[in-house]
Structures are given as structure tokens and as C-alpha cells.
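Novice: Contents are mmCIF, C-alpha atoms; file name work_14.cif:
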data_my_file
#
loop_
_atom_site.group_PDB
_atom_site.id
_atom_site.type_symbol
_atom_site.label_atom_id
_atom_site.label_comp_id
_atom_site.auth_asym_id
_atom_site.auth_seq_id
_atom_site.Cartn_x
_atom_site.Cartn_y
_atom_site.Cartn_z
ATOM 1 C CA MET A 6 -52.643 -18.029 38.720
ATOM 2 C CA LYS A 7 -50.977 -15.184 36.777
ATOM 3 C CA ASN A 8 -48.578 -14.460 39.612
ATOM 4 C CA ARG A 9 -47.635 -18.087 39.855
ATOM 5 C CA LYS A 10 -46.790 -18.349 36.109
ATOM 6 C CA ARG A 11 -44.875 -15.113 36.240
ATOM 7 C CA ASN A 12 -42.902 -16.294 39.285
ATOM 8 C CA ILE A 13 -42.105 -19.619 37.623
ATOM 9 C CA ALA A 14 -40.899 -17.833 34.448
ATOM 10 C CA LEU A 15 -38.823 -15.429 36.516
ATOM 11 C CA LEU A 16 -37.322 -18.325 38.500
ATOM 12 C CA ALA A 17 -36.469 -20.156 35.243
ATOM 13 C CA VAL A 18 -34.686 -17.068 33.847
ATOM 14 C CA VAL A 19 -32.719 -16.591 37.085
ATOM 15 C CA MET A 20 -31.704 -20.266 37.051
ATOM 16 C CA CYS A 21 -30.509 -19.974 33.407
ATOM 17 C CA VAL A 22 -28.449 -16.895 34.238
ATOM 18 C CA CYS A 23 -26.939 -18.636 37.266
ATOM 19 C CA ALA A 24 -26.126 -21.706 35.151
ATOM 20 C CA ALA A 25 -24.450 -19.511 32.511
ATOM 21 C CA VAL A 26 -22.338 -17.757 35.149
ATOM 22 C CA LEU A 27 -21.351 -21.107 36.690
ATOM 23 C CA LEU A 28 -20.393 -22.585 33.298
ATOM 24 C CA ASN A 29 -18.376 -19.501 32.393
ATOM 25 C CA TRP A 30 -16.552 -19.585 35.712
ATOM 26 C CA SER A 31 -15.751 -23.298 35.407
ATOM 27 C CA TYR A 32 -14.580 -22.891 31.801
ATOM 28 C CA ASN A 33 -12.203 -20.062 32.726
ATOM 29 C CA ASN A 34 -10.821 -21.935 35.744
ATOM 30 C CA ARG A 35 -10.262 -25.098 33.730
ATOM 31 C CA TRP A 36 -8.056 -23.355 31.147
ATOM 32 C CA GLY A 37 -6.153 -21.261 33.641
ATOM 33 C CA LYS A 38 -4.159 -18.158 32.893
ATOM 34 C CA ALA A 39 -2.544 -17.357 29.565
ATOM 35 C CA ASP A 40 1.038 -18.490 29.035
ATOM 36 C CA SER A 41 3.130 -15.365 28.372
ATOM 37 C CA LYS A 42 5.408 -17.188 25.897
ATOM 38 C CA MET A 43 2.428 -18.425 23.903
ATOM 39 C CA VAL A 44 0.889 -14.948 23.895
ATOM 40 C CA ALA A 45 4.162 -13.467 22.607
ATOM 41 C CA VAL A 46 4.354 -16.063 19.817
ATOM 42 C CA GLU A 47 0.734 -15.455 18.838
ATOM 43 C CA ASP A 48 1.294 -11.678 18.826
ATOM 44 C CA ALA A 49 4.346 -12.105 16.582
ATOM 45 C CA GLU A 50 2.379 -14.312 14.182
ATOM 46 C CA ILE A 51 -0.454 -11.777 14.026
ATOM 47 C CA ALA A 52 2.012 -8.935 13.375
ATOM 48 C CA GLU A 53 3.661 -10.960 10.599
ATOM 49 C CA ALA A 54 0.284 -11.716 9.041
ATOM 50 C CA ASN A 55 -0.655 -8.022 9.191
ATOM 51 C CA ALA A 56 2.649 -7.085 7.517
ATOM 52 C CA THR A 57 2.009 -9.634 4.762
ATOM 53 C CA VAL A 58 -1.466 -8.239 4.163
ATOM 54 C CA GLN A 59 -0.011 -4.713 4.169
ATOM 55 C CA ASP A 60 2.588 -5.738 1.564
ATOM 56 C CA ARG A 61 -0.128 -7.238 -0.624
ATOM 57 C CA ILE A 62 -2.217 -4.066 -0.379
ATOM 58 C CA ASN A 63 0.777 -1.880 -1.218
ATOM 59 C CA SER A 64 1.859 -4.175 -4.049
ATOM 60 C CA GLY A 65 -1.650 -3.929 -5.481
ATOM 61 C CA TYR A 66 -1.497 -0.138 -5.389
ATOM 62 C CA PHE A 67 1.920 0.020 -7.008
ATOM 63 C CA ALA A 68 1.080 -2.552 -9.680
ATOM 64 C CA GLU A 69 -2.081 -0.646 -10.535
ATOM 65 C CA ALA A 70 -0.190 2.668 -10.648
ATOM 66 C CA ARG A 71 2.416 1.208 -13.007
ATOM 67 C CA LEU A 72 -0.305 -0.253 -15.216
ATOM 68 C CA THR A 73 -2.172 3.057 -15.338
ATOM 69 C CA ARG A 74 1.055 4.877 -16.206
ATOM 70 C CA GLN A 75 1.801 2.406 -19.011
ATOM 71 C CA VAL A 76 -1.720 2.551 -20.461
ATOM 72 C CA SER A 77 -1.694 6.364 -20.568
ATOM 73 C CA ARG A 78 1.776 6.318 -22.161
ATOM 74 C CA ASP A 79 0.638 3.821 -24.786
ATOM 75 C CA GLU A 80 -2.372 5.981 -25.644
ATOM 76 C CA ALA A 81 -0.223 9.108 -25.943
ATOM 77 C CA LEU A 82 2.322 7.223 -28.055
ATOM 78 C CA GLN A 83 -0.418 5.983 -30.358
ATOM 79 C CA LEU A 84 -1.725 9.542 -30.816
ATOM 80 C CA LEU A 85 1.740 10.872 -31.573
ATOM 81 C CA GLN A 86 2.438 8.090 -34.056
ATOM 82 C CA SER A 87 -0.845 8.653 -35.858
ATOM 83 C CA ALA A 88 -0.148 12.416 -35.994
ATOM 84 C CA ALA A 89 3.319 11.767 -37.428
ATOM 85 C CA SER A 90 2.063 9.304 -40.028
ATOM 86 C CA ALA A 91 -0.937 11.352 -41.170
ATOM 87 C CA ASP A 92 -0.958 12.156 -44.897
ATOM 88 C CA ALA A 93 -1.555 15.868 -44.314
ATOM 89 C CA ALA A 94 1.132 16.151 -41.619
ATOM 90 C CA SER A 95 3.724 18.842 -42.176
ATOM 91 C CA GLN A 96 7.396 18.225 -41.539
ATOM 92 C CA GLU A 97 7.128 20.406 -38.436
ATOM 93 C CA THR A 98 4.319 18.211 -37.041
ATOM 94 C CA ILE A 99 6.286 15.049 -37.799
ATOM 95 C CA ASP A 100 9.434 16.441 -36.136
ATOM 96 C CA SER A 101 7.445 17.595 -33.114
ATOM 97 C CA ALA A 102 5.790 14.178 -32.746
ATOM 98 C CA MET A 103 9.124 12.377 -33.062
ATOM 99 C CA ASN A 104 10.703 14.648 -30.446
ATOM 100 C CA ALA A 105 7.793 13.977 -28.088
ATOM 101 C CA ILE A 106 8.133 10.211 -28.673
ATOM 102 C CA ALA A 107 11.868 10.394 -27.949
ATOM 103 C CA ALA A 108 11.260 12.421 -24.773
ATOM 104 C CA MET A 109 8.627 9.915 -23.655
ATOM 105 C CA ALA A 110 11.049 7.024 -24.228
ATOM 106 C CA THR A 111 13.778 8.820 -22.269
ATOM 107 C CA CYS A 112 11.423 9.505 -19.353
ATOM 108 C CA SER A 113 10.238 5.905 -19.375
ATOM 109 C CA MET A 114 13.793 4.581 -19.238
ATOM 110 C CA GLN A 115 14.725 6.980 -16.434
ATOM 111 C CA GLU A 116 11.628 6.006 -14.438
ATOM 112 C CA THR A 117 12.481 2.324 -14.729
ATOM 113 C CA GLN A 118 16.112 2.937 -13.789
ATOM 114 C CA ILE A 119 15.141 5.030 -10.740
ATOM 115 C CA GLU A 120 12.595 2.414 -9.625
ATOM 116 C CA ASN A 121 15.250 -0.321 -9.861
ATOM 117 C CA LEU A 122 17.744 1.773 -7.880
ATOM 118 C CA LEU A 123 15.163 2.498 -5.189
ATOM 119 C CA LEU A 124 14.354 -1.207 -4.944
ATOM 120 C CA ALA A 125 18.079 -1.869 -4.547
ATOM 121 C CA LYS A 126 18.184 0.730 -1.739
ATOM 122 C CA ASP A 127 15.759 -1.257 0.445
ATOM 123 C CA PHE A 128 12.425 0.176 -0.690
ATOM 124 C CA SER A 129 9.978 -2.695 -1.096
ATOM 125 C CA GLU A 130 7.969 -0.971 -3.850
ATOM 126 C CA CYS A 131 7.891 2.321 -5.680
ATOM 127 C CA VAL A 132 6.464 4.120 -8.690
ATOM 128 C CA VAL A 133 8.189 7.051 -10.401
ATOM 129 C CA TYR A 134 6.544 9.599 -12.714
ATOM 130 C CA ILE A 135 8.644 12.045 -14.709
ATOM 131 C CA GLY A 136 6.881 14.870 -16.463
ATOM 132 C CA ASN A 137 5.662 18.469 -16.337
ATOM 133 C CA GLY A 138 9.014 19.664 -15.020
ATOM 134 C CA ALA A 139 8.954 17.470 -11.916
ATOM 135 C CA VAL A 140 9.623 13.975 -10.647
ATOM 136 C CA THR A 141 7.020 12.295 -8.461
ATOM 137 C CA VAL A 142 7.929 9.217 -6.429
ATOM 138 C CA ALA A 143 5.398 7.085 -4.563
ATOM 139 C CA VAL A 144 6.892 4.787 -1.909
ATOM 140 C CA PRO A 145 5.377 2.766 0.924
ATOM 141 C CA ALA A 146 5.840 4.491 4.252
ATOM 142 C CA PRO A 147 5.633 3.296 7.822
ATOM 143 C CA ILE A 148 2.953 4.716 10.084
ATOM 144 C CA ASP A 149 5.274 7.419 11.424
ATOM 145 C CA GLY A 150 6.372 8.425 7.894
ATOM 146 C CA LEU A 151 9.638 8.297 6.019
ATOM 147 C CA SER A 152 12.815 9.126 7.897
ATOM 148 C CA GLU A 153 15.111 11.937 6.808
ATOM 149 C CA GLU A 154 17.651 9.322 5.722
ATOM 150 C CA GLU A 155 15.116 7.627 3.419
ATOM 151 C CA VAL A 156 14.086 10.960 1.889
ATOM 152 C CA ALA A 157 17.769 11.791 1.356
ATOM 153 C CA ARG A 158 18.370 8.431 -0.393
ATOM 154 C CA ILE A 159 15.419 9.047 -2.727
ATOM 155 C CA THR A 160 16.580 12.605 -3.452
ATOM 156 C CA ASP A 161 20.168 11.520 -4.120
ATOM 157 C CA ILE A 162 19.095 8.828 -6.570
ATOM 158 C CA ILE A 163 16.782 11.117 -8.513
ATOM 159 C CA CYS A 164 19.253 14.008 -8.680
ATOM 160 C CA ALA A 165 21.997 11.632 -9.849
ATOM 161 C CA GLU A 166 19.866 9.945 -12.523
ATOM 162 C CA THR A 167 18.023 12.969 -13.908
ATOM 163 C CA GLU A 168 18.626 16.647 -14.517
ATOM 164 C CA TYR A 169 16.043 17.565 -11.877
ATOM 165 C CA ASP A 170 16.999 19.008 -8.505
ATOM 166 C CA ALA A 171 15.478 18.488 -5.062
ATOM 167 C CA THR A 172 13.027 21.370 -5.493
ATOM 168 C CA GLN A 173 11.447 19.566 -8.439
ATOM 169 C CA LEU A 174 10.948 16.352 -6.496
ATOM 170 C CA ASN A 175 7.638 15.233 -4.971
ATOM 171 C CA ILE A 176 7.661 12.256 -2.623
ATOM 172 C CA ILE A 177 4.328 10.617 -1.911
ATOM 173 C CA GLU A 178 4.172 8.376 1.151
ATOM 174 C CA VAL A 179 1.725 5.547 0.509
ATOM 175 C CA LYS A 180 0.182 4.450 3.796
ATOM 176 C CA ALA A 181 -2.406 1.769 4.146
#
Show the structure stored in the file as C-alpha cells.

Specialist:
Amino acid sequence: MKNRKRNIALLAVVMCVCAAVLLNWSYNNRWGKADSKMVAVEDAEIAEANATVQDRINSGYFAEARLTRQVSRDEALQLLQSAASADAASQETIDSAMNAIAAMATCSMQETQIENLLLAKDFSECVVYIGNGAVTVAVPAPIDGLSEEEVARITDIICAETEYDATQLNIIEVKA
């Protein structure tokens, strides 16, 4: 009796597997082979969708970096203004705070100008930081990295717009 039940169960499993193989075979034969033109179009659409997602990811990074830069600048500006307007502040402290505020404004204007020039030179996004004796530029980079021509364009723009030279330039390639 046990052997009979076991044999029936085994036969049922074998029949289900055979039915699944038959259905799979008939399904694949019904649809035929893939059309190479359709595959190429689908591949192009997938690549375009991936590029769009990549742009959104990069845009999110750059927007967040600009926001972080602005928040830290605003906090530093607020500290300098409160130091300059303090009742016990000496003239030296006030002058020092005003010079720091002016330097911060100059750096901010240069950063914005460089970012706009880089956008005009075919970079989709960028963030520029000027400070501590150096200029740091973050730009999106392809998988194989920036070309020498792109690095040269960035360097030329920064050297033309600031008093920094190429040795004081840091280029960060943002890859997703």
C-alpha cells in the first residue's frame, strides 16, 4: 500500500514536470525569435532611462552640495556679523569681521561665475568651492573618467576667473 501511494505521488510529480516543460516549449515556439530591430529599440530606451536616472541622482548630489555650502556660509556670515556688531567689539575685530565678510562675498561670486561658465562649456552640473588657498570643483564624470580636454577646460576657466593656478585646483569626479 505504501509503495503504491509513493509511486502514484512520484508519477504525479513527473507528469507535472513534463507538463511544465511542454508548456514552456510551446510558449517559446509560439512567440518565435526576438526581432533584432525591436531589441535595439528596447536597448536604446533602457539606456536613455538609465541616463535620466543618472542625471537625477547627480542633480540631487549637486543640489545638496550647493545647499550645504550656502547653509555653512550663512552660519559663518551670521557669526561674523554678530562679532562685528557686539558692544565690546574693538575696531580691529570689526575691521577683521568686515574683511572676512567681503572675502566671503567675493568667493561666493567667483564660485557662481565659475559654475555658470562650466555649465556653458557643456558640463551638465557642477559645484565649486573656493577657500583655504585652493579651488575644488565637483563635476559629473563618465565611467571612464574625465578626458584631458575636459580637465583642461575646467583648469582654464578657473585660472582665468581667479588668482589661483593649476596646482591649487582640485577636481572631484562624481560618479554614480

Novice: What's around range 152-167 of chain A at 9 Å? Count only C-alpha atoms, leave out sequence neighbours fewer than 3 positions away in its own chain, and write the answer as a ChimeraX atom specification.

Specialist: /A:115,118-119,122-123,126,128,140,142,149,170-171,174,176

Novice: In Å, how far is it from CA of Asp100 in chain A to CA of Arg71 in chain A?

Specialist: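 If I compute the distance from CA of Asp100 in chain A to CA of Arg71 in chain A, I get 28.6 Å.
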
Novice: Record the distance separating CA of Ser77 in chain A and CA of Ala125 in chain A, expressed in Å with one decimal.

Specialist: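 Going from CA of Ser77 in chain A over to CA of Ala125 in chain A covers 26.7 Å.
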
Novice: May I ask which of the residues A:Ile13, A:Ala45, A:Leu85, A:Val179 is the closest one to Glu130 in chain A, counting all atoms listed in the file?

Specialist: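 Closest to Glu130 in chain A of all the choices is A:Val179.
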
Novice: Could you check how far CA of Ile135 in chain A sits from CA of Leu84 in chain A, in Å to one decimal?

Specialist: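 These atoms are spaced 19.3 Å apart.
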